Amino acid sequence: MPKPIMNLADVKFDDVEDYGFYTSTRASISDHIGAQKLGYNLTVLPPGKAQCPFHNHRGEEEMFLILEGTGELRFGNQRYPIRAHDVIACPPGGPEVAHQIINTGEVEMRYLALSTIVELEACEYPDSGKIMVTAGKRGQRHLRKLFRAETDVDYYDREKS
């Protein structure tokens, strides 16, 4: 069993996103300290960037602790200024709890992200009209599908009658 403690100064940044506005580096923590039902990572956002698109989870709950920097939280149809030591709750639900952290400051933003881990998840992206469905344990997902929300079919579509 791994040691149940890790200092943030010792994390290894193993997840790099570089897709224009969506640019960040993340360091996974969970597996290194033996977490089973919670996911942890340290995220670093450059100025003017976001880690991921505006989204909401139907199963997982997330919490963010801003360590350094300033920015903006999009949450539902609201926007909130955020800064060091702010704690942000993002419960599961519909578009009313969709969220996104944007670094609107002049320096890097660092935050600790914490989430529950569920084996069946649906995630919606209100800005782009996408839906993602995942199933399986963390690191062993056997289903991960993204599709456009407007692609709706009848229950019996493609079934033999």
# chains A, B, ... in the order shown; residues from 1 in each chain; ligands from 1
>>> residues_around(residues="Gln78 (chain A)", least_positions_apart="4", cutoff="12 Å", atoms="only C-alpha atoms", output="list in words")
Glu72, Leu73, Arg74, Pro95, Glu96, Val97, Ala98, His99 and Gln100 of chain A
>>> closest_atom_pairs(of="region 73-156 of chain A", to="region 44-63 of chain A", cutoff="9 Å", atoms="only C-alpha atoms", output="Markdown table")
| residue | atom | partner | partner_atom | distance |
| --- | --- | --- | --- | --- |
| A:Arg74 | CA | A:Phe54 | CA | 7.6 |
| A:Phe75 | CA | A:Phe54 | CA | 8.6 |
| A:Gly76 | CA | A:Asn56 | CA | 9.0 |
| A:Val87 | CA | A:Met63 | CA | 7.1 |
| A:Ile88 | CA | A:Met63 | CA | 5.5 |
| A:Ala89 | CA | A:Met63 | CA | 4.8 |
| A:Cys90 | CA | A:Glu62 | CA | 5.0 |
| A:Pro91 | CA | A:Glu61 | CA | 4.6 |
| A:Pro92 | CA | A:Arg58 | CA | 4.9 |
| A:Gly93 | CA | A:Arg58 | CA | 5.0 |
| A:Gly94 | CA | A:Asn56 | CA | 6.2 |
| A:Pro95 | CA | A:Asn56 | CA | 6.1 |
| A:Glu96 | CA | A:Asn56 | CA | 8.3 |
| A:Val97 | CA | A:Asn56 | CA | 6.1 |
| A:Ala98 | CA | A:Asn56 | CA | 4.1 |
| A:His99 | CA | A:Phe54 | CA | 5.3 |
| A:Gln100 | CA | A:Phe54 | CA | 4.9 |
| A:Ile101 | CA | A:Ala50 | CA | 5.9 |
| A:Ile102 | CA | A:Ala50 | CA | 4.6 |
| A:Asn103 | CA | A:Pro47 | CA | 5.2 |
| A:Thr104 | CA | A:Gly48 | CA | 5.3 |
| A:Gly105 | CA | A:Pro47 | CA | 5.7 |
| A:Glu106 | CA | A:Pro47 | CA | 5.5 |
| A:Val107 | CA | A:Pro47 | CA | 5.7 |
| A:Glu108 | CA | A:Pro46 | CA | 4.6 |
| A:Met109 | CA | A:Leu45 | CA | 5.1 |
| A:Arg110 | CA | A:Val44 | CA | 4.6 |
| A:Tyr111 | CA | A:Val44 | CA | 6.7 |
| A:Leu112 | CA | A:Met63 | CA | 8.3 |
| A:Ala113 | CA | A:Met63 | CA | 5.9 |
| A:Leu114 | CA | A:Met63 | CA | 5.1 |
| A:Ser115 | CA | A:Glu62 | CA | 4.2 |
| A:Thr116 | CA | A:Glu60 | CA | 5.3 |
| A:Ile117 | CA | A:Glu60 | CA | 6.2 |
| A:Val118 | CA | A:Glu60 | CA | 6.2 |
| A:Glu119 | CA | A:Gly59 | CA | 8.8 |
| A:Leu120 | CA | A:Gly59 | CA | 7.2 |
| A:Glu121 | CA | A:Gly59 | CA | 5.3 |
| A:Ala122 | CA | A:Arg58 | CA | 5.4 |
| A:Cys123 | CA | A:His57 | CA | 4.5 |
| A:Glu124 | CA | A:Asn56 | CA | 5.4 |
| A:Tyr125 | CA | A:His55 | CA | 4.5 |
| A:Pro126 | CA | A:His55 | CA | 6.4 |
| A:Asp127 | CA | A:Phe54 | CA | 6.6 |
| A:Ser128 | CA | A:Pro53 | CA | 8.7 |
>>> write_last_selection(atoms="N, CA and C atoms", output="short mmCIF file (atom, residue, chain, number, x, y, z; two decimals), in the first residue's frame")
data_model
loop_
_atom_site.label_atom_id
_atom_site.label_comp_id
_atom_site.auth_asym_id
_atom_site.auth_seq_id
_atom_site.Cartn_x
_atom_site.Cartn_y
_atom_site.Cartn_z
N ARG A 74 -17.10 30.37 -13.50
CA ARG A 74 -18.42 30.31 -14.14
C ARG A 74 -19.18 29.22 -13.42
N PHE A 75 -20.36 29.53 -12.96
CA PHE A 75 -21.16 28.57 -12.22
C PHE A 75 -22.62 28.80 -12.59
N GLY A 76 -23.22 27.85 -13.30
CA GLY A 76 -24.57 28.06 -13.81
C GLY A 76 -24.58 29.27 -14.71
N VAL A 87 -12.65 28.31 -1.43
CA VAL A 87 -13.07 26.92 -1.54
C VAL A 87 -14.35 26.92 -2.37
N ILE A 88 -14.38 26.09 -3.41
CA ILE A 88 -15.49 26.09 -4.37
C ILE A 88 -16.15 24.72 -4.37
N ALA A 89 -17.47 24.71 -4.21
CA ALA A 89 -18.25 23.46 -4.26
C ALA A 89 -18.96 23.37 -5.60
N CYS A 90 -18.83 22.23 -6.26
CA CYS A 90 -19.53 21.95 -7.52
C CYS A 90 -20.27 20.63 -7.37
N PRO A 91 -21.51 20.69 -6.85
CA PRO A 91 -22.27 19.46 -6.64
C PRO A 91 -22.77 18.87 -7.96
N PRO A 92 -23.19 17.61 -7.93
CA PRO A 92 -23.76 17.03 -9.13
C PRO A 92 -25.11 17.65 -9.44
N GLY A 93 -25.46 17.67 -10.71
CA GLY A 93 -26.74 18.22 -11.13
C GLY A 93 -26.71 18.60 -12.59
N GLY A 94 -27.68 19.43 -12.98
CA GLY A 94 -27.83 19.86 -14.36
C GLY A 94 -27.05 21.12 -14.67
N PRO A 95 -27.40 21.80 -15.76
CA PRO A 95 -26.70 23.00 -16.19
C PRO A 95 -26.66 24.13 -15.13
N GLU A 96 -27.57 24.09 -14.18
CA GLU A 96 -27.56 25.11 -13.13
C GLU A 96 -26.32 25.03 -12.24
N VAL A 97 -25.60 23.90 -12.28
CA VAL A 97 -24.35 23.76 -11.52
C VAL A 97 -23.15 23.53 -12.44
N ALA A 98 -23.33 23.80 -13.74
CA ALA A 98 -22.19 23.71 -14.66
C ALA A 98 -21.11 24.66 -14.18
N HIS A 99 -19.86 24.31 -14.39
CA HIS A 99 -18.78 25.12 -13.83
C HIS A 99 -17.53 25.09 -14.71
N GLN A 100 -16.73 26.13 -14.51
CA GLN A 100 -15.46 26.28 -15.22
C GLN A 100 -14.63 27.31 -14.47
N ILE A 101 -13.36 27.01 -14.28
CA ILE A 101 -12.42 27.95 -13.66
C ILE A 101 -11.56 28.55 -14.75
N ILE A 102 -11.49 29.88 -14.78
CA ILE A 102 -10.71 30.60 -15.78
C ILE A 102 -9.70 31.49 -15.05
N ASN A 103 -8.45 31.43 -15.46
CA ASN A 103 -7.43 32.31 -14.90
C ASN A 103 -7.52 33.65 -15.63
N THR A 104 -8.08 34.65 -14.97
CA THR A 104 -8.18 36.00 -15.53
C THR A 104 -7.08 36.91 -15.00
N GLY A 105 -6.18 36.33 -14.19
CA GLY A 105 -5.11 37.12 -13.60
C GLY A 105 -3.89 37.22 -14.49
N GLU A 106 -2.83 37.78 -13.92
CA GLU A 106 -1.58 38.03 -14.66
C GLU A 106 -0.52 36.96 -14.39
N VAL A 107 -0.76 36.09 -13.40
CA VAL A 107 0.22 35.05 -13.04
C VAL A 107 -0.48 33.69 -13.07
N GLU A 108 0.31 32.63 -12.98
CA GLU A 108 -0.25 31.29 -12.93
C GLU A 108 -1.22 31.15 -11.77
N MET A 109 -2.26 30.38 -12.00
CA MET A 109 -3.18 30.01 -10.93
C MET A 109 -2.91 28.56 -10.59
N ARG A 110 -2.90 28.26 -9.29
CA ARG A 110 -2.74 26.88 -8.82
C ARG A 110 -3.93 26.55 -7.95
N TYR A 111 -4.48 25.35 -8.17
CA TYR A 111 -5.55 24.91 -7.28
C TYR A 111 -5.53 23.40 -7.09
N LEU A 112 -6.01 23.01 -5.93
CA LEU A 112 -6.17 21.61 -5.60
C LEU A 112 -7.59 21.22 -5.97
N ALA A 113 -7.75 20.18 -6.76
CA ALA A 113 -9.06 19.68 -7.17
C ALA A 113 -9.32 18.35 -6.47
N LEU A 114 -10.52 18.21 -5.98
CA LEU A 114 -10.94 16.99 -5.28
C LEU A 114 -12.29 16.58 -5.84
N SER A 115 -12.47 15.30 -6.15
CA SER A 115 -13.77 14.85 -6.65
C SER A 115 -14.10 13.46 -6.13
N THR A 116 -15.39 13.20 -6.02
CA THR A 116 -15.81 11.84 -5.73
C THR A 116 -15.59 11.02 -7.00
N ILE A 117 -15.45 9.73 -6.84
CA ILE A 117 -15.25 8.84 -7.99
C ILE A 117 -16.48 7.94 -8.08
N VAL A 118 -17.14 7.99 -9.21
CA VAL A 118 -18.29 7.12 -9.42
C VAL A 118 -18.00 6.23 -10.63
N GLU A 119 -18.60 5.05 -10.63
CA GLU A 119 -18.34 4.13 -11.74
C GLU A 119 -19.21 4.39 -12.95
N LEU A 120 -20.29 5.13 -12.79
CA LEU A 120 -21.16 5.48 -13.91
C LEU A 120 -21.40 6.98 -13.87
N GLU A 121 -21.00 7.69 -14.91
CA GLU A 121 -21.06 9.15 -14.93
C GLU A 121 -21.59 9.66 -16.25
N ALA A 122 -22.38 10.73 -16.16
CA ALA A 122 -22.81 11.48 -17.35
C ALA A 122 -22.39 12.92 -17.11
N CYS A 123 -21.73 13.49 -18.09
CA CYS A 123 -21.22 14.85 -17.99
C CYS A 123 -21.77 15.63 -19.19
N GLU A 124 -22.32 16.81 -18.93
CA GLU A 124 -22.90 17.63 -19.99
C GLU A 124 -22.05 18.88 -20.19
N TYR A 125 -22.02 19.36 -21.43
CA TYR A 125 -21.26 20.55 -21.82
C TYR A 125 -22.24 21.56 -22.43
N PRO A 126 -22.82 22.45 -21.60
CA PRO A 126 -23.86 23.36 -22.08
C PRO A 126 -23.43 24.29 -23.22
N ASP A 127 -22.19 24.74 -23.25
CA ASP A 127 -21.75 25.67 -24.30
C ASP A 127 -21.71 25.01 -25.67
N SER A 128 -21.34 23.73 -25.71
CA SER A 128 -21.16 23.05 -26.99
C SER A 128 -22.21 21.98 -27.27
#
>>> residues_around(residues="region 150-153 of chain A", least_positions_apart="5", cutoff="10 Å", atoms="only C-alpha atoms", output="list in words")
Gly129, Lys130, Ile131 and Arg158 of chain A
>>> select_by_dssp(residues="region 17-154 of chain A", states="strand (DSSP E)", output="ChimeraX atom specification")
/A:17-19,22-28,38-45,56-57,62-68,70-75,78-83,87-90,99-102,109-116,120-125,130-135,143-148
>>> closest_residue(among="A:Asn77, A:Gln140, A:Asn7, A:Ser161", to="Ile33 (chain A)", atoms="only C-alpha atoms")
A:Asn7
>>> atom_distance(atom1="CA of Lys3 (chain A)", atom2="CA of Arg138 (chain A)")
19.5 Å
>>> decode(residues="region 42-64 of chain A", atoms="N, CA and C atoms", output="PDB file, in the first residue's frame")
ATOM      1  N   LEU A  42      -3.413  18.442  -8.522  1.00  0.00           N
ATOM      2  CA  LEU A  42      -2.966  19.825  -8.439  1.00  0.00           C
ATOM      3  C   LEU A  42      -2.959  20.344  -9.870  1.00  0.00           C
ATOM      4  N   THR A  43      -3.676  21.438 -10.101  1.00  0.00           N
ATOM      5  CA  THR A  43      -3.789  22.009 -11.445  1.00  0.00           C
ATOM      6  C   THR A  43      -3.096  23.357 -11.489  1.00  0.00           C
ATOM      7  N   VAL A  44      -2.372  23.601 -12.574  1.00  0.00           N
ATOM      8  CA  VAL A  44      -1.741  24.898 -12.818  1.00  0.00           C
ATOM      9  C   VAL A  44      -2.300  25.445 -14.130  1.00  0.00           C
ATOM     10  N   LEU A  45      -2.886  26.657 -14.036  1.00  0.00           N
ATOM     11  CA  LEU A  45      -3.459  27.326 -15.211  1.00  0.00           C
ATOM     12  C   LEU A  45      -2.653  28.569 -15.544  1.00  0.00           C
ATOM     13  N   PRO A  46      -2.180  28.706 -16.777  1.00  0.00           N
ATOM     14  CA  PRO A  46      -1.522  29.947 -17.189  1.00  0.00           C
ATOM     15  C   PRO A  46      -2.557  31.079 -17.282  1.00  0.00           C
ATOM     16  N   PRO A  47      -2.110  32.322 -17.263  1.00  0.00           N
ATOM     17  CA  PRO A  47      -3.034  33.455 -17.425  1.00  0.00           C
ATOM     18  C   PRO A  47      -3.845  33.338 -18.713  1.00  0.00           C
ATOM     19  N   GLY A  48      -5.122  33.660 -18.617  1.00  0.00           N
ATOM     20  CA  GLY A  48      -6.001  33.657 -19.779  1.00  0.00           C
ATOM     21  C   GLY A  48      -6.487  32.291 -20.222  1.00  0.00           C
ATOM     22  N   LYS A  49      -6.255  31.259 -19.425  1.00  0.00           N
ATOM     23  CA  LYS A  49      -6.605  29.889 -19.819  1.00  0.00           C
ATOM     24  C   LYS A  49      -7.603  29.251 -18.854  1.00  0.00           C
ATOM     25  N   ALA A  50      -8.236  28.178 -19.341  1.00  0.00           N
ATOM     26  CA  ALA A  50      -9.112  27.329 -18.539  1.00  0.00           C
ATOM     27  C   ALA A  50      -8.621  25.897 -18.684  1.00  0.00           C
ATOM     28  N   GLN A  51      -8.879  25.067 -17.679  1.00  0.00           N
ATOM     29  CA  GLN A  51      -8.435  23.678 -17.744  1.00  0.00           C
ATOM     30  C   GLN A  51      -9.352  22.845 -18.625  1.00  0.00           C
ATOM     31  N   CYS A  52     -10.642  23.137 -18.608  1.00  0.00           N
ATOM     32  CA  CYS A  52     -11.584  22.317 -19.384  1.00  0.00           C
ATOM     33  C   CYS A  52     -12.813  23.142 -19.753  1.00  0.00           C
ATOM     34  N   PRO A  53     -13.616  22.647 -20.685  1.00  0.00           N
ATOM     35  CA  PRO A  53     -14.842  23.361 -21.061  1.00  0.00           C
ATOM     36  C   PRO A  53     -15.844  23.420 -19.907  1.00  0.00           C
ATOM     37  N   PHE A  54     -16.750  24.374 -19.982  1.00  0.00           N
ATOM     38  CA  PHE A  54     -17.865  24.549 -19.060  1.00  0.00           C
ATOM     39  C   PHE A  54     -18.676  23.254 -19.052  1.00  0.00           C
ATOM     40  N   HIS A  55     -18.879  22.660 -17.869  1.00  0.00           N
ATOM     41  CA  HIS A  55     -19.521  21.347 -17.799  1.00  0.00           C
ATOM     42  C   HIS A  55     -20.202  21.117 -16.456  1.00  0.00           C
ATOM     43  N   ASN A  56     -21.074  20.136 -16.419  1.00  0.00           N
ATOM     44  CA  ASN A  56     -21.672  19.675 -15.169  1.00  0.00           C
ATOM     45  C   ASN A  56     -21.664  18.155 -15.133  1.00  0.00           C
ATOM     46  N   HIS A  57     -21.578  17.636 -13.923  1.00  0.00           N
ATOM     47  CA  HIS A  57     -21.557  16.192 -13.699  1.00  0.00           C
ATOM     48  C   HIS A  57     -22.898  15.762 -13.124  1.00  0.00           C
ATOM     49  N   ARG A  58     -23.391  14.627 -13.558  1.00  0.00           N
ATOM     50  CA  ARG A  58     -24.618  14.059 -12.997  1.00  0.00           C
ATOM     51  C   ARG A  58     -24.323  13.120 -11.836  1.00  0.00           C
ATOM     52  N   GLY A  59     -23.081  12.657 -11.709  1.00  0.00           N
ATOM     53  CA  GLY A  59     -22.736  11.721 -10.639  1.00  0.00           C
ATOM     54  C   GLY A  59     -21.671  12.220  -9.682  1.00  0.00           C
ATOM     55  N   GLU A  60     -20.608  12.775 -10.216  1.00  0.00           N
ATOM     56  CA  GLU A  60     -19.483  13.191  -9.373  1.00  0.00           C
ATOM     57  C   GLU A  60     -19.692  14.582  -8.785  1.00  0.00           C
ATOM     58  N   GLU A  61     -19.146  14.769  -7.601  1.00  0.00           N
ATOM     59  CA  GLU A  61     -19.115  16.088  -6.968  1.00  0.00           C
ATOM     60  C   GLU A  61     -17.659  16.528  -6.921  1.00  0.00           C
ATOM     61  N   GLU A  62     -17.422  17.818  -7.185  1.00  0.00           N
ATOM     62  CA  GLU A  62     -16.062  18.347  -7.179  1.00  0.00           C
ATOM     63  C   GLU A  62     -15.933  19.490  -6.173  1.00  0.00           C
ATOM     64  N   MET A  63     -14.717  19.650  -5.674  1.00  0.00           N
ATOM     65  CA  MET A  63     -14.368  20.761  -4.796  1.00  0.00           C
ATOM     66  C   MET A  63     -13.010  21.275  -5.256  1.00  0.00           C
ATOM     67  N   PHE A  64     -12.848  22.589  -5.241  1.00  0.00           N
ATOM     68  CA  PHE A  64     -11.589  23.206  -5.629  1.00  0.00           C
ATOM     69  C   PHE A  64     -11.129  24.135  -4.521  1.00  0.00           C
TER      70      PHE A  64
END
